[in-house]
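Here is the file run.txt (compact mmCIF, C-alpha atoms).
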```txt
# COMPACT_ATOMS: atom_id res chain seq x y z
CA MET A 118 -231.45 6.70 72.46
CA ASN A 119 -231.84 3.37 70.69
CA ARG A 120 -233.52 3.24 67.32
CA ARG A 121 -236.07 0.77 66.05
CA VAL A 122 -236.17 2.24 62.54
CA VAL A 123 -233.59 3.82 60.23
CA ASN A 124 -235.10 6.50 57.99
CA LEU A 125 -233.75 7.20 54.51
CA LEU A 126 -234.89 10.50 53.04
CA VAL A 127 -234.66 10.60 49.22
CA ASN A 128 -234.77 14.00 47.50
CA ASN A 129 -236.13 13.60 43.97
CA LEU A 130 -234.61 16.38 41.88
CA SER A 131 -236.05 15.39 38.49
CA GLY A 132 -239.41 17.14 38.79
CA ARG A 133 -240.32 20.81 38.59
CA ARG A 134 -240.64 20.96 42.35
CA PRO A 135 -238.38 18.79 44.54
CA THR A 136 -240.07 16.09 46.57
CA PHE A 137 -238.76 14.28 49.63
CA SER A 138 -239.73 10.64 50.10
CA LEU A 139 -239.27 9.01 53.49
CA HIS A 140 -238.39 5.29 53.45
CA ARG A 141 -238.33 3.40 56.76
CA ILE A 142 -235.87 0.51 57.12
CA ASP A 143 -236.12 -2.22 59.76
CA PRO A 144 -232.49 -2.67 60.93
CA ALA A 145 -233.20 -6.17 62.31
CA SER A 146 -232.48 -7.57 58.84
CA LEU A 147 -228.88 -6.35 59.14
CA PHE A 148 -228.04 -8.90 61.84
CA ARG A 149 -227.53 -12.64 61.73
CA PRO A 150 -229.34 -14.56 64.48
CA THR A 151 -226.99 -16.01 67.09
CA ARG A 152 -229.59 -18.45 68.54
CA SER A 153 -227.88 -18.05 71.88
CA PRO A 154 -228.10 -15.63 74.82
CA LYS A 155 -224.29 -15.56 74.85
CA PRO A 156 -222.44 -12.68 73.14
CA ALA A 157 -221.73 -13.13 69.46
CA ASP A 158 -218.50 -14.89 68.48
CA PRO A 159 -216.48 -12.25 66.57
CA ALA A 160 -214.26 -14.77 64.77
CA ALA A 161 -217.13 -16.94 63.51
CA ILE A 162 -219.40 -14.13 62.36
CA ASN A 163 -216.61 -12.02 60.85
CA LYS A 164 -215.43 -15.06 58.89
CA ALA A 165 -218.93 -15.52 57.49
CA ALA A 166 -219.15 -11.81 56.67
CA ALA A 167 -215.81 -11.94 54.81
CA ILE A 168 -217.14 -14.54 52.38
CA ASN A 169 -219.80 -12.15 51.10
CA LYS A 170 -218.14 -8.86 51.94
CA ASP A 171 -219.80 -6.73 49.24
CA PRO A 172 -223.11 -5.16 50.33
CA ALA A 173 -226.11 -6.97 48.91
CA PRO A 174 -228.23 -4.90 46.53
CA ALA A 175 -231.68 -4.18 47.91
CA ARG A 176 -234.78 -2.29 46.87
CA LEU A 177 -236.07 0.52 49.01
CA PRO A 178 -239.42 -0.18 50.65
CA PRO A 179 -242.31 2.00 49.47
CA ALA A 180 -242.21 5.54 50.80
CA ALA A 181 -244.13 5.93 54.05
CA VAL A 182 -244.80 9.59 53.30
CA SER A 183 -243.64 12.32 50.90
CA PHE A 184 -243.09 16.04 51.43
CA SER A 185 -242.83 18.96 49.02
CA PRO A 186 -242.07 22.65 49.56
CA ARG A 187 -244.86 25.12 49.01
CA ASN A 188 -243.24 26.65 45.92
CA GLU A 189 -240.21 26.26 43.66
CA ILE A 190 -238.00 28.70 45.58
CA GLY A 191 -238.75 27.31 49.04
CA TRP A 192 -236.65 24.79 50.94
CA MET A 193 -237.36 22.10 53.51
CA ASP A 194 -235.23 20.75 56.33
CA PHE A 195 -235.68 17.46 58.19
CA LEU A 196 -234.76 16.46 61.73
CA ALA A 197 -234.65 12.99 63.25
CA PHE A 198 -237.07 12.91 66.18
CA LYS A 199 -236.63 9.55 67.94
CA ASP A 200 -237.84 7.08 65.28
CA ASP A 201 -239.90 9.77 63.60
CA VAL A 202 -239.13 12.86 61.51
CA ILE A 203 -239.84 16.58 61.87
CA ALA A 204 -240.16 18.55 58.61
CA VAL A 205 -239.89 22.34 58.50
CA ASP A 206 -240.01 24.74 55.54
CA HIS A 207 -238.49 28.17 54.90
CA GLU A 208 -241.43 29.94 56.55
CA GLY A 209 -241.31 27.85 59.73
CA ARG A 210 -244.32 25.64 59.02
CA THR A 211 -243.60 22.42 60.89
CA LEU A 212 -244.90 18.87 60.56
CA LEU A 213 -244.24 15.71 62.54
CA TYR A 214 -244.44 12.32 60.86
CA ASP A 215 -245.50 9.77 63.47
CA GLY A 216 -244.38 6.42 62.08
CA GLU A 217 -246.09 4.35 64.76
CA VAL A 218 -249.54 5.39 63.57
CA GLY A 219 -248.54 6.45 60.05
CA ALA A 220 -249.89 9.99 60.48
CA VAL A 221 -248.65 13.51 59.81
CA ARG A 222 -249.31 15.97 62.63
CA VAL A 223 -249.25 19.76 62.36
CA MET A 224 -246.94 21.34 64.95
CA ASN A 225 -246.48 24.87 66.20
CA PRO A 226 -244.21 26.82 63.83
CA MET A 227 -240.47 26.81 64.43
CA VAL A 228 -238.80 30.04 65.51
CA GLY A 229 -236.52 31.46 62.79
CA PRO A 230 -236.12 28.27 60.71
CA ARG A 231 -232.80 27.68 58.96
CA CYS A 232 -231.61 24.91 56.71
CA GLY A 233 -228.92 22.43 57.75
CA SER A 234 -229.82 22.24 61.45
CA ILE A 235 -228.39 19.75 63.92
CA SER A 236 -230.66 18.27 66.56
CA LEU A 237 -230.79 15.80 69.43
CA PRO A 238 -233.04 15.04 72.41
CA LEU A 239 -232.34 16.77 75.69
CA GLY A 240 -233.65 14.54 78.46
CA ASP A 241 -237.33 13.63 78.47
CA ASN A 242 -238.70 17.17 78.20
CA PHE A 243 -236.85 18.92 75.39
CA PHE A 244 -235.69 18.56 71.79
CA PHE A 245 -232.66 20.74 70.95
CA VAL A 246 -232.07 22.31 67.51
CA MET A 247 -229.18 24.51 66.37
CA ALA A 248 -228.41 26.08 62.98
CA ARG A 249 -225.48 28.13 61.84
CA GLU A 250 -225.83 31.41 59.93
CA GLU A 251 -222.91 32.90 58.01
CA LEU A 252 -222.64 36.68 58.21
CA GLY A 253 -219.48 36.93 56.15
CA TRP A 254 -216.06 35.34 56.60
CA SER A 255 -215.37 37.23 59.79
CA CYS A 256 -218.68 36.67 61.54
CA GLN A 257 -221.16 33.88 62.16
CA VAL A 258 -223.85 33.06 64.68
CA HIS A 259 -225.43 29.83 65.86
CA HIS A 260 -229.17 30.02 66.46
CA CYS A 261 -230.47 27.63 69.12
CA GLN A 262 -233.96 26.64 70.25
CA VAL A 263 -235.72 23.81 72.04
CA LEU A 264 -239.06 22.14 71.55
CA CYS A 265 -240.66 21.77 74.98
CA PHE A 266 -242.83 18.66 75.30
CA ARG A 267 -244.92 20.24 78.06
CA ASP A 268 -246.45 22.89 75.77
CA TRP A 269 -245.15 21.71 72.36
CA LEU A 270 -243.84 25.20 71.64
CA TRP A 271 -240.45 26.21 70.29
CA HIS A 272 -238.43 28.37 72.68
CA PRO A 273 -235.38 30.36 71.45
CA LEU A 274 -232.16 30.06 73.43
CA GLU A 275 -229.09 32.25 73.74
CA GLN A 276 -226.40 31.86 71.11
CA LEU A 277 -223.18 29.96 71.62
CA PRO A 278 -220.81 32.22 73.62
CA PHE A 279 -217.99 32.40 71.10
CA ASP A 280 -215.30 34.89 72.05
CA GLU A 281 -212.55 35.58 69.53
CA LEU A 282 -210.57 37.33 72.26
CA ASP A 283 -210.01 33.94 73.88
CA LEU A 284 -208.16 32.82 70.77
CA PHE A 285 -206.05 35.96 70.75
CA ARG A 286 -205.07 35.35 74.39
CA ASP A 287 -204.05 31.75 73.67
CA ASP A 288 -202.34 32.58 70.37
CA PRO A 289 -201.46 36.28 69.82
CA SER A 290 -200.66 35.56 66.15
CA PHE A 291 -204.18 34.26 65.51
CA HIS A 292 -206.39 36.19 63.16
CA LYS A 293 -209.23 34.74 61.14
CA SER A 294 -208.29 36.79 58.08
CA LYS A 295 -204.94 34.92 57.99
CA LEU A 296 -206.56 31.51 57.83
CA GLY A 297 -207.22 31.62 54.08
CA LEU A 298 -209.99 29.84 52.26
CA GLU A 299 -208.10 26.53 52.41
CA GLN A 300 -208.03 26.58 56.22
CA LEU A 301 -210.75 25.51 58.62
CA ASP A 302 -212.64 28.15 60.54
CA PRO A 303 -211.89 27.62 64.26
CA PHE A 304 -215.56 28.29 65.04
CA GLU A 305 -216.74 25.56 62.67
CA LEU A 306 -218.78 22.93 64.52
CA GLY A 307 -216.81 19.71 64.76
CA ALA A 308 -218.84 17.34 66.93
CA TYR A 309 -221.79 17.22 69.30
CA THR A 310 -223.41 14.76 71.66
CA GLY A 311 -225.67 14.37 74.67
CA VAL A 312 -224.08 13.82 78.08
CA GLY A 313 -226.40 12.46 80.74
CA ASP A 314 -230.07 13.39 80.62
CA SER A 315 -229.79 17.15 80.70
CA GLU A 316 -226.57 18.27 79.00
CA ILE A 317 -225.34 18.80 75.44
CA TRP A 318 -221.72 19.23 74.41
CA ILE A 319 -220.91 21.19 71.25
CA SER A 320 -217.31 21.05 70.05
CA THR A 321 -215.60 23.38 67.56
CA VAL A 322 -212.52 22.61 65.49
CA GLY A 323 -210.40 25.28 67.15
CA ALA A 324 -212.33 27.32 69.72
CA GLY A 325 -212.99 24.70 72.39
CA THR A 326 -216.03 22.82 73.64
CA PHE A 327 -219.21 24.27 75.10
CA SER A 328 -221.93 22.79 77.28
CA PHE A 329 -225.64 23.57 77.40
CA HIS A 330 -227.36 22.46 80.60
CA ALA A 331 -231.15 22.17 80.62
CA SER A 332 -231.55 23.08 84.30
CA LYS A 333 -229.51 26.29 83.90
CA CYS A 334 -230.88 26.95 80.39
CA GLY A 335 -227.54 28.46 79.40
CA TRP A 336 -224.14 27.84 77.83
CA SER A 337 -220.73 27.54 79.43
CA LYS A 338 -217.30 26.81 78.01
CA ILE A 339 -215.91 23.61 79.51
CA GLY A 340 -212.50 23.46 77.85
CA ASP A 341 -210.18 24.46 75.03
CA TRP A 342 -210.06 20.85 73.85
CA ALA A 343 -212.20 19.30 71.12
CA LEU A 344 -214.26 16.12 71.06
CA PRO A 345 -212.49 13.38 69.06
CA PHE A 346 -215.47 12.80 66.75
CA SER A 347 -216.75 14.22 63.51
CA GLY A 348 -220.45 15.07 63.61
CA ARG A 349 -222.76 13.47 66.13
CA ALA A 350 -221.60 10.94 68.73
CA HIS A 351 -223.92 8.57 70.60
CA TYR A 352 -223.75 7.15 74.09
CA VAL A 353 -223.97 3.33 74.10
CA ALA A 354 -225.08 2.29 77.57
CA GLU A 355 -224.03 -1.36 77.19
CA HIS A 356 -220.37 -0.28 77.12
CA GLY A 357 -220.58 3.04 78.96
CA LEU A 358 -218.85 4.82 76.07
CA TRP A 359 -219.61 7.37 73.36
CA PHE A 360 -219.36 6.08 69.80
CA GLY A 361 -218.91 8.08 66.61
CA PHE A 362 -216.55 8.55 63.68
CA SER A 363 -213.04 9.95 63.37
CA ASP A 364 -211.67 10.32 59.85
CA ASP A 365 -214.60 8.13 58.75
CA HIS A 366 -213.54 5.29 61.09
CA LEU A 367 -215.73 4.01 63.92
CA CYS A 368 -214.31 4.99 67.31
CA ALA A 369 -215.20 5.22 70.98
CA ALA A 370 -214.27 7.50 73.89
CA ASP A 371 -215.13 7.84 77.57
CA LEU A 372 -216.27 11.43 78.09
CA ARG A 373 -216.59 10.85 81.85
CA GLN A 374 -212.82 10.72 82.32
CA GLU A 375 -210.71 13.79 82.99
CA PRO A 376 -210.48 16.06 79.93
CA PRO A 377 -207.08 16.51 78.32
CA ALA A 378 -204.71 19.06 79.80
CA PRO A 379 -202.78 21.50 77.59
CA PRO A 380 -201.07 21.23 75.20
CA LEU A 381 -203.39 18.39 74.08
CA ARG A 382 -206.23 19.76 71.97
CA LYS A 383 -208.45 16.71 71.56
CA PHE A 384 -210.18 14.29 73.89
CA PRO A 385 -208.38 10.91 73.75
CA LEU A 386 -209.94 7.91 72.02
CA LEU A 387 -210.14 4.53 73.73
CA HIS A 388 -210.88 2.54 70.58
CA LEU A 389 -210.45 3.15 66.86
CA TRP A 390 -211.34 0.56 64.23
CA GLU A 391 -209.52 1.44 61.01
CA GLU A 392 -211.36 -0.73 58.53
CA GLU A 393 -212.50 0.47 55.15
CA PRO A 394 -216.12 -0.26 54.14
CA PRO A 395 -216.38 -3.02 51.51
CA VAL A 396 -217.56 -0.94 48.55
CA PRO A 397 -216.21 -0.42 45.01
CA GLU A 398 -213.11 1.77 44.85
CA ALA A 399 -214.78 4.19 42.45
CA TRP A 400 -217.43 5.16 45.00
CA THR A 401 -216.83 8.54 46.64
CA PRO A 402 -218.12 8.79 50.25
CA THR A 403 -220.35 11.78 51.00
CA SER A 404 -221.60 11.15 54.54
CA THR A 405 -221.48 8.67 57.42
CA SER A 406 -224.08 8.25 60.16
CA LEU A 407 -224.42 6.04 63.22
CA PHE A 408 -227.61 4.65 64.78
CA PRO A 409 -227.48 2.77 68.12
CA LEU A 410 -229.96 -0.10 68.18
CA GLY A 411 -229.50 -1.45 71.71
CA SER A 412 -227.72 -4.56 73.03
CA GLY A 413 -224.41 -3.26 71.67
CA LYS A 414 -225.69 -3.29 68.09
CA LEU A 415 -225.10 -0.40 65.71
CA CYS A 416 -226.26 0.51 62.22
CA ILE A 417 -223.67 2.34 60.13
CA ALA A 418 -225.17 4.29 57.22
CA ARG A 419 -222.77 5.49 54.54
CA CYS A 420 -223.72 7.46 51.44
CA PHE A 421 -221.71 7.44 48.20
CA ARG A 422 -221.77 8.88 44.72
CA THR A 423 -220.06 7.92 41.49
CA THR A 424 -220.33 8.47 37.74
CA ASP A 425 -219.57 5.83 35.09
CA GLY A 426 -217.39 3.93 37.53
CA VAL A 427 -215.02 6.90 38.00
CA LYS A 428 -214.36 8.28 41.46
CA LEU A 429 -215.52 11.88 41.82
CA LEU A 430 -213.45 14.76 43.09
CA PRO A 431 -215.00 17.31 45.48
CA SER A 432 -215.31 19.74 42.54
CA ASP A 433 -217.49 17.17 40.75
CA TYR A 434 -220.07 16.82 43.53
CA GLY A 435 -222.68 18.69 41.53
CA HIS A 436 -222.25 16.38 38.53
CA GLU A 437 -225.73 15.94 37.09
CA LYS A 438 -225.08 12.33 36.05
CA ALA A 439 -223.67 11.20 39.37
CA LYS A 440 -225.33 8.09 40.75
CA ARG A 441 -225.91 7.85 44.48
CA PHE A 442 -226.08 4.95 46.90
CA ALA A 443 -226.80 4.34 50.56
CA VAL A 444 -225.14 1.39 52.32
CA LEU A 445 -226.47 0.19 55.67
CA ALA A 446 -224.25 -2.15 57.69
CA GLY A 447 -225.04 -3.95 60.93
CA VAL A 448 -222.20 -4.26 63.43
CA GLU A 449 -222.08 -5.47 67.01
CA VAL A 450 -219.66 -4.27 69.67
CA VAL A 451 -218.70 -7.05 72.10
CA ASP A 452 -216.42 -7.23 75.12
CA HIS A 453 -213.86 -9.92 74.32
CA ALA A 454 -213.96 -12.49 77.14
CA GLY A 455 -214.91 -9.79 79.63
CA THR A 456 -211.47 -8.15 79.37
CA GLY A 457 -212.73 -4.71 78.40
CA SER A 458 -211.14 -5.10 74.97
CA LEU A 459 -213.92 -4.26 72.52
CA GLN A 460 -214.24 -6.05 69.20
CA ILE A 461 -216.41 -5.32 66.21
CA VAL A 462 -218.61 -8.11 64.89
CA LYS A 463 -219.70 -7.55 61.29
CA HIS A 464 -223.11 -8.78 60.27
CA ASN A 465 -224.98 -7.97 57.05
CA SER A 466 -224.78 -4.94 54.78
CA VAL A 467 -227.20 -3.83 52.09
CA CYS A 468 -226.94 -1.25 49.30
CA TYR A 469 -229.79 0.95 48.10
CA SER A 470 -229.42 2.74 44.75
CA VAL A 471 -231.35 6.00 44.39
CA ASP A 472 -230.14 6.80 40.83
CA GLN A 473 -229.37 10.52 40.56
CA ASN A 474 -231.42 11.54 43.58
CA VAL A 475 -229.94 12.69 46.89
CA VAL A 476 -230.27 10.36 49.89
CA ARG A 477 -229.88 11.28 53.55
CA PRO A 478 -230.10 8.92 56.56
CA LEU A 479 -232.13 10.25 59.49
```
Output the file's structure in the form of structure tokens.
Amino acid sequence: MNRRVVNLLVNNLSGRRPTFSLHRIDPASLFRPTRSPKPADPAAINKAAAINKDPAPARLPPAAVSFSPRNEIGWMDFLAFKDDVIAVDHEGRTLLYDGEVGAVRVMNPMVGPRCGSISLPLGDNFFFVMAREELGWSCQVHHCQVLCFRDWLWHPLEQLPFDELDLFRDDPSFHKSKLGLEQLDPFELGAYTGVGDSEIWISTVGAGTFSFHASKCGWSKIGDWALPFSGRAHYVAEHGLWFGFSDDHLCAADLRQEPPAPPLRKFPLLHLWEEEPPVPEAWTPTSTSLFPLGSGKLCIARCFRTTDGVKLLPSDYGHEKAKRFAVLAGVEVVDHAGTGSLQIVKHNSVCYSVDQNVVRPL
């Protein structure tokens, strides 16, 4: 689904009660006009982008709306809903911010709300949400539900059908207790995306990939392989491919082709662009998001943190004096001379400083 707006959610931690300010960015400013119906010329535009490669500092537009939890111990979670945002608190109270009319609408309460949910649309009738709950190192569950647009009610779904016995059959030496705290949990969610109008694929780092089909309203395991992305991937209709990130690099894959056969464990990539973002070396990346805009254009949103010009280690992420930034970059994916060889055209990039607050693209 193409976006017309990129939302930046800023969590102000300085007050007694945290507040969340929603800033709406028009991504059109990230692209240079071509003044021609022809595809952009990668060489010409990339040459212009190289002259001013550092992101231009910019000021966030005024907040469109702000949210605050009911009390100091409560939490709030936020989900991207098309160009708008759904806000839910720890008791399930749910609000929808409708950016087109600038109004906040009260929704029916969410079933069993949990923080850190992933979400994506499921066709024209549903909105899918899933959250993970840890029940100790040896056990976890993934709670799923959909918002049905026919009645605007939340409907719980069955959990992901994880079966540890499958891992024992494939690898008799496998045991989660042997993984150690330094190892990844095989049931950790690795990537997810929509496939067609009625299917969602959820990929784990070591337990295979699962599909949820709206018409069947149930899960099925579709392979022991993993999607080649990290986090959410998006289908870009102009190129018939799914785009996302692998090791923080933009990449693309064709999920319609035959899945990999053993012993391969990951879906193959068709394209991988290994270019580092033009930011100061001392900035430590914290997250990367992708927003399709239509016509082969993408907005890449990267968040960073730093303190006194020194790059932070993971153990320093809670540093109270860390400064945080969000960098939005406009890129265009073009088919070079109709050969099927895709090239990245770099346009503009801007940097928003949020001081010591936490920023999250939605």
*asked:* Restricting the calculation to only C-alpha atoms: of A:Ile235, A:Val475, A:Ile317, A:Val396, which residue gets closest to Lys440 of chain A?
replied: A:Val475
*asked:* So that I can see what lies close to segment 275-279 of chain A, please list as number ranges by chain the residues with an atom at most 8 Å from it, counting only C-alpha atoms and leaving out residues fewer than 4 positions away in the same chain.
replied: A: 258-261, 304, 324, 327, 335-338
Got time to write the residues from that selection, C-alpha atoms, as a PDB file, in the frame of the given file?
```pdb
ATOM      1  CA  VAL A 258    -223.850  33.060  64.680  1.00  0.00           C
ATOM      2  CA  HIS A 259    -225.430  29.830  65.860  1.00  0.00           C
ATOM      3  CA  HIS A 260    -229.170  30.020  66.460  1.00  0.00           C
ATOM      4  CA  CYS A 261    -230.470  27.630  69.120  1.00  0.00           C
ATOM      5  CA  PHE A 304    -215.560  28.290  65.040  1.00  0.00           C
ATOM      6  CA  ALA A 324    -212.330  27.320  69.720  1.00  0.00           C
ATOM      7  CA  PHE A 327    -219.210  24.270  75.100  1.00  0.00           C
ATOM      8  CA  GLY A 335    -227.540  28.460  79.400  1.00  0.00           C
ATOM      9  CA  TRP A 336    -224.140  27.840  77.830  1.00  0.00           C
ATOM     10  CA  SER A 337    -220.730  27.540  79.430  1.00  0.00           C
ATOM     11  CA  LYS A 338    -217.300  26.810  78.010  1.00  0.00           C
TER      12      LYS A 338
END
```
*Which is closest to Arg477 of chain A among A:Ala439, A:Val450, A:Val444, A:Leu386, if we use all atoms listed in the file?*
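Checking each candidate against Arg477 of chain A, we get A:Val444 as the closest.
Proximity ranking of A:Gly311, A:Pro377, A:Gly340, A:Gly191 relative to Arg134 of chain A places A:Gly191 first, based on only C-alpha atoms.
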_Using all atoms listed in the file, can you tell me which of A:Leu407, A:Leu372, A:Met224, A:Ala204 comes closest to Arg120 of chain A?_
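So, comparing all the options, the nearest one is A:Leu407.
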Got a sec: who's within 7 Å of segment 349-363 of chain A, counting all atoms listed in the file, leaving out chain neighbours fewer than 5 positions off, as a short mmCIF file (atom, residue, chain, number, x, y, z; two decimals) with C-alpha atoms, in the frame of the given file?
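Everything below was put into out.cif:
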```cif
data_model
loop_
_atom_site.label_atom_id
_atom_site.label_comp_id
_atom_site.auth_asym_id
_atom_site.auth_seq_id
_atom_site.Cartn_x
_atom_site.Cartn_y
_atom_site.Cartn_z
CA ALA A 308 -218.84 17.34 66.93
CA TYR A 309 -221.79 17.22 69.30
CA THR A 310 -223.41 14.76 71.66
CA CYS A 368 -214.31 4.99 67.31
CA ALA A 369 -215.20 5.22 70.98
CA ALA A 370 -214.27 7.50 73.89
CA ASP A 371 -215.13 7.84 77.57
CA LEU A 407 -224.42 6.04 63.22
CA PRO A 409 -227.48 2.77 68.12
CA SER A 412 -227.72 -4.56 73.03
CA GLY A 413 -224.41 -3.26 71.67
#
```
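From atom CA of Ser185 of chain A back to atom CA of Thr136 of chain A, the distance works out to 4.7 Å.
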*asked:* Could you check the closest approach to Ala181 of chain A for each of A:Ala454, A:Ala443, A:Ile319, A:Leu126 and tell me which residue wins, using only C-alpha atoms?
replied: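 Closest to Ala181 of chain A of all the choices is A:Leu126.
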Step by step, gather every atom of segment 304-323 of chain A that the file lists, find the box along x, y and z that holds them, add 6 Å on each side, and finally give centre and edge lengths in Å to one decimal, as lines of an AutoDock Vina configuration file.
```
center_x = -220.2
center_y = 20.4
center_z = 71.7
size_x = 31.7
size_y = 27.8
size_z = 30.1
```
*Tell me which of A:Phe244, A:Gly233, A:Asp452, A:Arg422 sits closest to Asp472 of chain A, counting only C-alpha atoms.*
A:Arg422
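The spacing separating atom CA of Met247 of chain A from atom CA of Pro226 of chain A amounts to 15.4 Å.
Excluding Phe266 of chain A itself and same-chain residues fewer than 5 positions from it, the residues having an atom within 12 Å of it are Met224, Asn225, Pro238, Leu239, Gly240, Asp241, Asn242, Phe243, Phe244, Phe245, Trp271 and His272 of chain A, counting only C-alpha atoms.
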*For the atom pair atom CA of Lys383 of chain A and atom CA of Val322 of chain A, what is the interatomic distance in Å to one decimal place?*
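Between atom CA of Lys383 of chain A and atom CA of Val322 of chain A the gap works out to 9.4 Å.
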*asked:* Every residue with an atom at most 8 Å from (-231.8, 14.8, 55.5) (file coordinates; all atoms listed in the file) is what I'm after, so could you write them as a list of chain:residue names?
replied: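 Within 8 Å of (-231.8, 14.8, 55.5), the protein and nucleic acid residues are A:Leu125, A:Leu126, A:Asp194, A:Phe195, A:Leu196, A:Val476, A:Arg477, A:Pro478, A:Leu479.
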Subset file: segment 361-372 of chain A, N, CA and C atoms, as a CSV table (one decimal), in the first residue's frame:
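Dumped to decode-v4.csv:
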```csv
chain,number,residue,atom,x,y,z
A,361,GLY,N,12.7,-4.7,1.0
A,361,GLY,CA,12.9,-4.6,2.5
A,361,GLY,C,14.3,-4.4,2.8
A,362,PHE,N,14.8,-4.8,3.9
A,362,PHE,CA,16.2,-4.6,4.3
A,362,PHE,C,16.8,-6.0,4.8
A,363,SER,N,18.1,-6.1,4.4
A,363,SER,CA,18.9,-7.3,4.8
A,363,SER,C,20.2,-6.7,5.3
A,364,ASP,N,20.5,-7.0,6.6
A,364,ASP,CA,21.7,-6.4,7.2
A,364,ASP,C,21.7,-4.9,7.0
A,365,ASP,N,20.6,-4.3,7.1
A,365,ASP,CA,20.4,-2.8,7.0
A,365,ASP,C,20.6,-2.3,5.6
A,366,HIS,N,20.7,-3.2,4.6
A,366,HIS,CA,20.8,-2.7,3.2
A,366,HIS,C,19.5,-3.0,2.5
A,367,LEU,N,19.2,-2.1,1.6
A,367,LEU,CA,17.9,-2.2,0.8
A,367,LEU,C,18.1,-3.4,-0.1
A,368,CYS,N,17.0,-4.2,-0.3
A,368,CYS,CA,17.1,-5.4,-1.1
A,368,CYS,C,15.7,-5.7,-1.7
A,369,ALA,N,15.7,-6.6,-2.6
A,369,ALA,CA,14.4,-7.0,-3.2
A,369,ALA,C,14.5,-8.5,-3.6
A,370,ALA,N,13.3,-9.1,-3.5
A,370,ALA,CA,13.1,-10.6,-3.8
A,370,ALA,C,11.8,-10.8,-4.5
A,371,ASP,N,11.7,-11.9,-5.2
A,371,ASP,CA,10.4,-12.3,-5.9
A,371,ASP,C,9.9,-13.5,-5.1
A,372,LEU,N,8.9,-13.2,-4.3
A,372,LEU,CA,8.3,-14.3,-3.5
A,372,LEU,C,7.4,-15.2,-4.2
```
